[in-house]
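Down below is the structure, laid out as structure tokens.
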Amino acid sequence: MDVMHAQAMKVCTVPGCTSPVMARALCHNHYQRWRTRQKGYGRFTSLYVDAAPVLEHLEHLRRTGIGLRPLAAASGVSRRALQRLSAHTPNTPPHPRPNSHSASGSGQGSGLRPPTKVLRTTADAILAVRTVEPAPSALVPETGTRRRLQALIALGWPQTRIAHELGIETTNLSRMVHGRCKHVTAARATEVGELYTRWEMTPGPSRRARAQAARYHWAPPLAWDEHALDDPDATPCPH
């Protein structure tokens with residue numbers, strides 16, 4: 001049986017062997033022999049890597065508002081595989097499926113225990129994604145938008161002026177400022193971000209706005225590192 005035929009039949013590619021494939025197109029016995037030789041030569045590289053950094057990075061991407069569809073497009077990893085991994089990240093409750101397998105291909109279910117290993121190719125693809133630009137209508141977490149608005153108010157910019165600049169009603173702005181919205185559209189988050197960049201070093205004219213911010217303990221722009229504004233676990237520096 002030639003190699004191509006063996007691969008199509010999912011049997012070992014060693015000539016004369018008809019045992020089922022275990023890994024690297026080899027059966028269990030031939031794979032173990034090959035693995036032992038490669039380790040002896042110092043050339044063995046496992047197909048699997050530690051899952052913990054992958055799950056942590058996936059959780060970070062999800063917390064920044066990146067959905068599974070754009071993440072799948074950016075990474076080349078199937079949505080099904082990402083869904084299985086996402087079931088084990090802290091903000092996603094697990095959905096046990098008795099006959100399912102983890103995205104690592106290791107045979108672990110997506111029940112209570114997270115996978116300890118994932119395929120190296122899957123890990124590399126997910127870890128290579130640093131950010132994904134969401135669609136304008138996509139919903140993203142409100143954390144960064146709320147903090148930027150609060151910081152501008154602490155700087156002395158009144159809500160009426162901010163609402164005018166954004167082209168929205170003051171009541172709608174107030175809902176974002178006070179955290180009554182769990183999500184905002186990506187387009188709105190971008191608009192607030194651009195306004196924040198324009199005004200973050202320019203004191204506003206309103207003492208009343210500054211007093212309101214002081215009453216609610218809202219931090220001004222100088223109290224925030226730029227990367228921390230969108231991190232729900234970050235806290236402002238003392239000011």
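In the structure tokens, each chain is lettered A, B, ... as it comes, each chain's residues begin at 1, and ligands are numbered from 1 in order of appearance.
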
> Where does DSSP see strand (DSSP E or B) in region 7-210 of chain A, if you list the residues as number ranges by chain?
Replying inline: A: 11, 20, 23, 26, 48-50, 117-119, 139-141, 183-185

Give me a file of those residues, with N, CA, C and O atoms, as a PDB file, in the first residue's frame.
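File written: out-v2.pdb
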```pdb
ATOM      1  N   VAL A  11      -4.651   4.498   7.829  1.00  0.00           N
ATOM      2  CA  VAL A  11      -3.857   3.435   8.427  1.00  0.00           C
ATOM      3  C   VAL A  11      -2.405   3.867   8.397  1.00  0.00           C
ATOM      4  O   VAL A  11      -2.026   4.834   7.719  1.00  0.00           O
ATOM      5  N   PRO A  20      -4.311   1.056  12.530  1.00  0.00           N
ATOM      6  CA  PRO A  20      -4.879   2.411  12.434  1.00  0.00           C
ATOM      7  C   PRO A  20      -3.896   3.477  12.896  1.00  0.00           C
ATOM      8  O   PRO A  20      -3.045   3.234  13.754  1.00  0.00           O
ATOM      9  N   ALA A  23      -0.893   8.966  15.385  1.00  0.00           N
ATOM     10  CA  ALA A  23      -0.414  10.339  15.243  1.00  0.00           C
ATOM     11  C   ALA A  23       0.664  10.371  14.170  1.00  0.00           C
ATOM     12  O   ALA A  23       1.354   9.379  13.936  1.00  0.00           O
ATOM     13  N   LEU A  26       1.207   7.601  11.689  1.00  0.00           N
ATOM     14  CA  LEU A  26       1.801   6.347  12.139  1.00  0.00           C
ATOM     15  C   LEU A  26       0.876   5.669  13.148  1.00  0.00           C
ATOM     16  O   LEU A  26       0.135   6.342  13.882  1.00  0.00           O
ATOM     17  N   TYR A  48       1.363  18.991  20.769  1.00  0.00           N
ATOM     18  CA  TYR A  48       0.509  19.662  21.729  1.00  0.00           C
ATOM     19  C   TYR A  48       1.329  20.573  22.647  1.00  0.00           C
ATOM     20  O   TYR A  48       2.503  20.310  22.912  1.00  0.00           O
ATOM     21  N   VAL A  49       0.702  21.644  23.114  1.00  0.00           N
ATOM     22  CA  VAL A  49       1.335  22.585  24.040  1.00  0.00           C
ATOM     23  C   VAL A  49       0.373  22.860  25.191  1.00  0.00           C
ATOM     24  O   VAL A  49      -0.806  22.505  25.139  1.00  0.00           O
ATOM     25  N   ASP A  50       0.891  23.511  26.221  1.00  0.00           N
ATOM     26  CA  ASP A  50       0.089  23.863  27.396  1.00  0.00           C
ATOM     27  C   ASP A  50      -1.092  24.743  26.994  1.00  0.00           C
ATOM     28  O   ASP A  50      -0.927  25.737  26.276  1.00  0.00           O
ATOM     29  N   LYS A 117      -4.019  20.536  27.312  1.00  0.00           N
ATOM     30  CA  LYS A 117      -3.195  20.644  26.114  1.00  0.00           C
ATOM     31  C   LYS A 117      -4.066  21.053  24.931  1.00  0.00           C
ATOM     32  O   LYS A 117      -5.251  20.716  24.867  1.00  0.00           O
ATOM     33  N   VAL A 118      -3.472  21.777  23.998  1.00  0.00           N
ATOM     34  CA  VAL A 118      -4.126  22.083  22.729  1.00  0.00           C
ATOM     35  C   VAL A 118      -3.116  21.841  21.619  1.00  0.00           C
ATOM     36  O   VAL A 118      -1.899  21.859  21.854  1.00  0.00           O
ATOM     37  N   LEU A 119      -3.611  21.635  20.439  1.00  0.00           N
ATOM     38  CA  LEU A 119      -2.717  21.471  19.299  1.00  0.00           C
ATOM     39  C   LEU A 119      -1.821  22.701  19.150  1.00  0.00           C
ATOM     40  O   LEU A 119      -2.288  23.833  19.295  1.00  0.00           O
ATOM     41  N   LEU A 139     -21.539  44.876  19.332  1.00  0.00           N
ATOM     42  CA  LEU A 139     -21.573  45.326  20.722  1.00  0.00           C
ATOM     43  C   LEU A 139     -20.260  44.971  21.413  1.00  0.00           C
ATOM     44  O   LEU A 139     -19.773  43.850  21.298  1.00  0.00           O
ATOM     45  N   VAL A 140     -19.695  45.942  22.125  1.00  0.00           N
ATOM     46  CA  VAL A 140     -18.451  45.741  22.862  1.00  0.00           C
ATOM     47  C   VAL A 140     -18.685  46.150  24.313  1.00  0.00           C
ATOM     48  O   VAL A 140     -19.615  46.900  24.619  1.00  0.00           O
ATOM     49  N   PRO A 141     -17.854  45.670  25.249  1.00  0.00           N
ATOM     50  CA  PRO A 141     -18.021  46.058  26.660  1.00  0.00           C
ATOM     51  C   PRO A 141     -17.946  47.570  26.841  1.00  0.00           C
ATOM     52  O   PRO A 141     -17.208  48.263  26.144  1.00  0.00           O
ATOM     53  N   HIS A 183     -23.177  47.206  27.357  1.00  0.00           N
ATOM     54  CA  HIS A 183     -22.446  47.209  26.096  1.00  0.00           C
ATOM     55  C   HIS A 183     -22.770  48.484  25.323  1.00  0.00           C
ATOM     56  O   HIS A 183     -23.805  49.114  25.540  1.00  0.00           O
ATOM     57  N   VAL A 184     -21.858  48.846  24.439  1.00  0.00           N
ATOM     58  CA  VAL A 184     -22.085  49.941  23.493  1.00  0.00           C
ATOM     59  C   VAL A 184     -21.667  49.438  22.120  1.00  0.00           C
ATOM     60  O   VAL A 184     -20.947  48.445  22.012  1.00  0.00           O
ATOM     61  N   THR A 185     -22.118  50.117  21.087  1.00  0.00           N
ATOM     62  CA  THR A 185     -21.687  49.703  19.754  1.00  0.00           C
ATOM     63  C   THR A 185     -20.215  50.063  19.563  1.00  0.00           C
ATOM     64  O   THR A 185     -19.695  50.992  20.190  1.00  0.00           O
TER      65      THR A 185
END
```

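Within 8 Å of region 54-58 of chain A there are Asp50, Ala51, Leu61, Arg62, Leu85, Ser86, His88, Thr89, Ala123, Ile126 and Leu127 of chain A, counting only C-alpha atoms and ignoring same-chain residues fewer than 3 positions away.
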
>> Would you pick out the contacts of Arg79 (chain A) at 12 Å or less, using only C-alpha atoms, so that residues sharing its chain but fewer than 2 positions from it are not included, and give the list as a list of chain:residue names?
In response: A:Gly67, A:Leu68, A:Arg69, A:Pro70, A:Leu71, A:Ala72, A:Ala73, A:Ala74, A:Ser75, A:Gly76, A:Val77, A:Ala81, A:Leu82, A:Gln83, A:Arg84, A:Leu85, A:Ser86, A:Ala103, A:Thr122, A:Ile126

Take the residues that were just selected and, keeping N, CA and C atoms, output them as an mmCIF file, in the first residue's frame.
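Just written: again_6.cif:
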```cif
data_model
loop_
_atom_site.group_PDB
_atom_site.id
_atom_site.type_symbol
_atom_site.label_atom_id
_atom_site.label_comp_id
_atom_site.auth_asym_id
_atom_site.auth_seq_id
_atom_site.Cartn_x
_atom_site.Cartn_y
_atom_site.Cartn_z
ATOM 1 N N GLY A 67 -15.904 38.952 19.175
ATOM 2 C CA GLY A 67 -16.784 37.795 19.075
ATOM 3 C C GLY A 67 -16.097 36.616 18.418
ATOM 4 N N LEU A 68 -16.742 35.454 18.496
ATOM 5 C CA LEU A 68 -16.140 34.242 17.943
ATOM 6 C C LEU A 68 -16.044 34.283 16.425
ATOM 7 N N ARG A 69 -17.019 34.902 15.768
ATOM 8 C CA ARG A 69 -16.989 34.935 14.303
ATOM 9 C C ARG A 69 -15.777 35.702 13.779
ATOM 10 N N PRO A 70 -15.560 36.976 14.217
ATOM 11 C CA PRO A 70 -14.357 37.670 13.732
ATOM 12 C C PRO A 70 -13.062 37.026 14.225
ATOM 13 N N LEU A 71 -13.084 36.413 15.407
ATOM 14 C CA LEU A 71 -11.889 35.744 15.918
ATOM 15 C C LEU A 71 -11.554 34.525 15.062
ATOM 16 N N ALA A 72 -12.580 33.806 14.646
ATOM 17 C CA ALA A 72 -12.351 32.657 13.769
ATOM 18 C C ALA A 72 -11.777 33.108 12.426
ATOM 19 N N ALA A 73 -12.306 34.213 11.898
ATOM 20 C CA ALA A 73 -11.806 34.723 10.622
ATOM 21 C C ALA A 73 -10.353 35.184 10.731
ATOM 22 N N ALA A 74 -10.013 35.801 11.859
ATOM 23 C CA ALA A 74 -8.660 36.321 12.037
ATOM 24 C C ALA A 74 -7.641 35.227 12.311
ATOM 25 N N SER A 75 -8.061 34.170 13.009
ATOM 26 C CA SER A 75 -7.114 33.131 13.421
ATOM 27 C C SER A 75 -7.064 31.940 12.480
ATOM 28 N N GLY A 76 -8.160 31.716 11.753
ATOM 29 C CA GLY A 76 -8.230 30.522 10.917
ATOM 30 C C GLY A 76 -8.654 29.288 11.695
ATOM 31 N N VAL A 77 -8.962 29.455 12.994
ATOM 32 C CA VAL A 77 -9.455 28.361 13.823
ATOM 33 C C VAL A 77 -10.978 28.339 13.717
ATOM 34 N N ALA A 81 -14.252 24.971 17.278
ATOM 35 C CA ALA A 81 -13.107 24.774 18.169
ATOM 36 C C ALA A 81 -13.012 25.916 19.175
ATOM 37 N N LEU A 82 -13.249 27.151 18.720
ATOM 38 C CA LEU A 82 -13.190 28.305 19.621
ATOM 39 C C LEU A 82 -14.297 28.244 20.662
ATOM 40 N N GLN A 83 -15.471 27.771 20.266
ATOM 41 C CA GLN A 83 -16.577 27.645 21.214
ATOM 42 C C GLN A 83 -16.234 26.650 22.308
ATOM 43 N N ARG A 84 -15.581 25.551 21.929
ATOM 44 C CA ARG A 84 -15.209 24.543 22.921
ATOM 45 C C ARG A 84 -14.184 25.093 23.900
ATOM 46 N N LEU A 85 -13.218 25.841 23.376
ATOM 47 C CA LEU A 85 -12.227 26.438 24.267
ATOM 48 C C LEU A 85 -12.845 27.537 25.121
ATOM 49 N N SER A 86 -13.737 28.337 24.531
ATOM 50 C CA SER A 86 -14.359 29.449 25.261
ATOM 51 C C SER A 86 -15.206 28.952 26.417
ATOM 52 N N ALA A 103 -10.945 21.018 21.746
ATOM 53 C CA ALA A 103 -10.358 21.484 20.495
ATOM 54 C C ALA A 103 -8.937 21.022 20.338
ATOM 55 N N THR A 122 -3.167 25.161 16.667
ATOM 56 C CA THR A 122 -4.297 25.935 17.191
ATOM 57 C C THR A 122 -3.814 27.017 18.136
ATOM 58 N N ILE A 126 -4.225 31.186 17.620
ATOM 59 C CA ILE A 126 -4.973 32.033 18.561
ATOM 60 C C ILE A 126 -4.061 33.081 19.193
#
```

>> Counting only C-alpha atoms, which residue out of A:Thr197, A:Ser19, A:Ser46, A:Gln32 sits closest to Thr121 (chain A)?
In response: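 Smallest separation from Thr121 (chain A) among the options: A:Ser46.
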
> Given the choices A:Arg33, A:Lys10, A:Arg113, A:Arg146, which gets closest to Val177 (chain A) if the distance is worked out from only C-alpha atoms?
Replying inline: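 Looking only at the distances to Val177 (chain A), the closest residue turns out to be A:Arg146.
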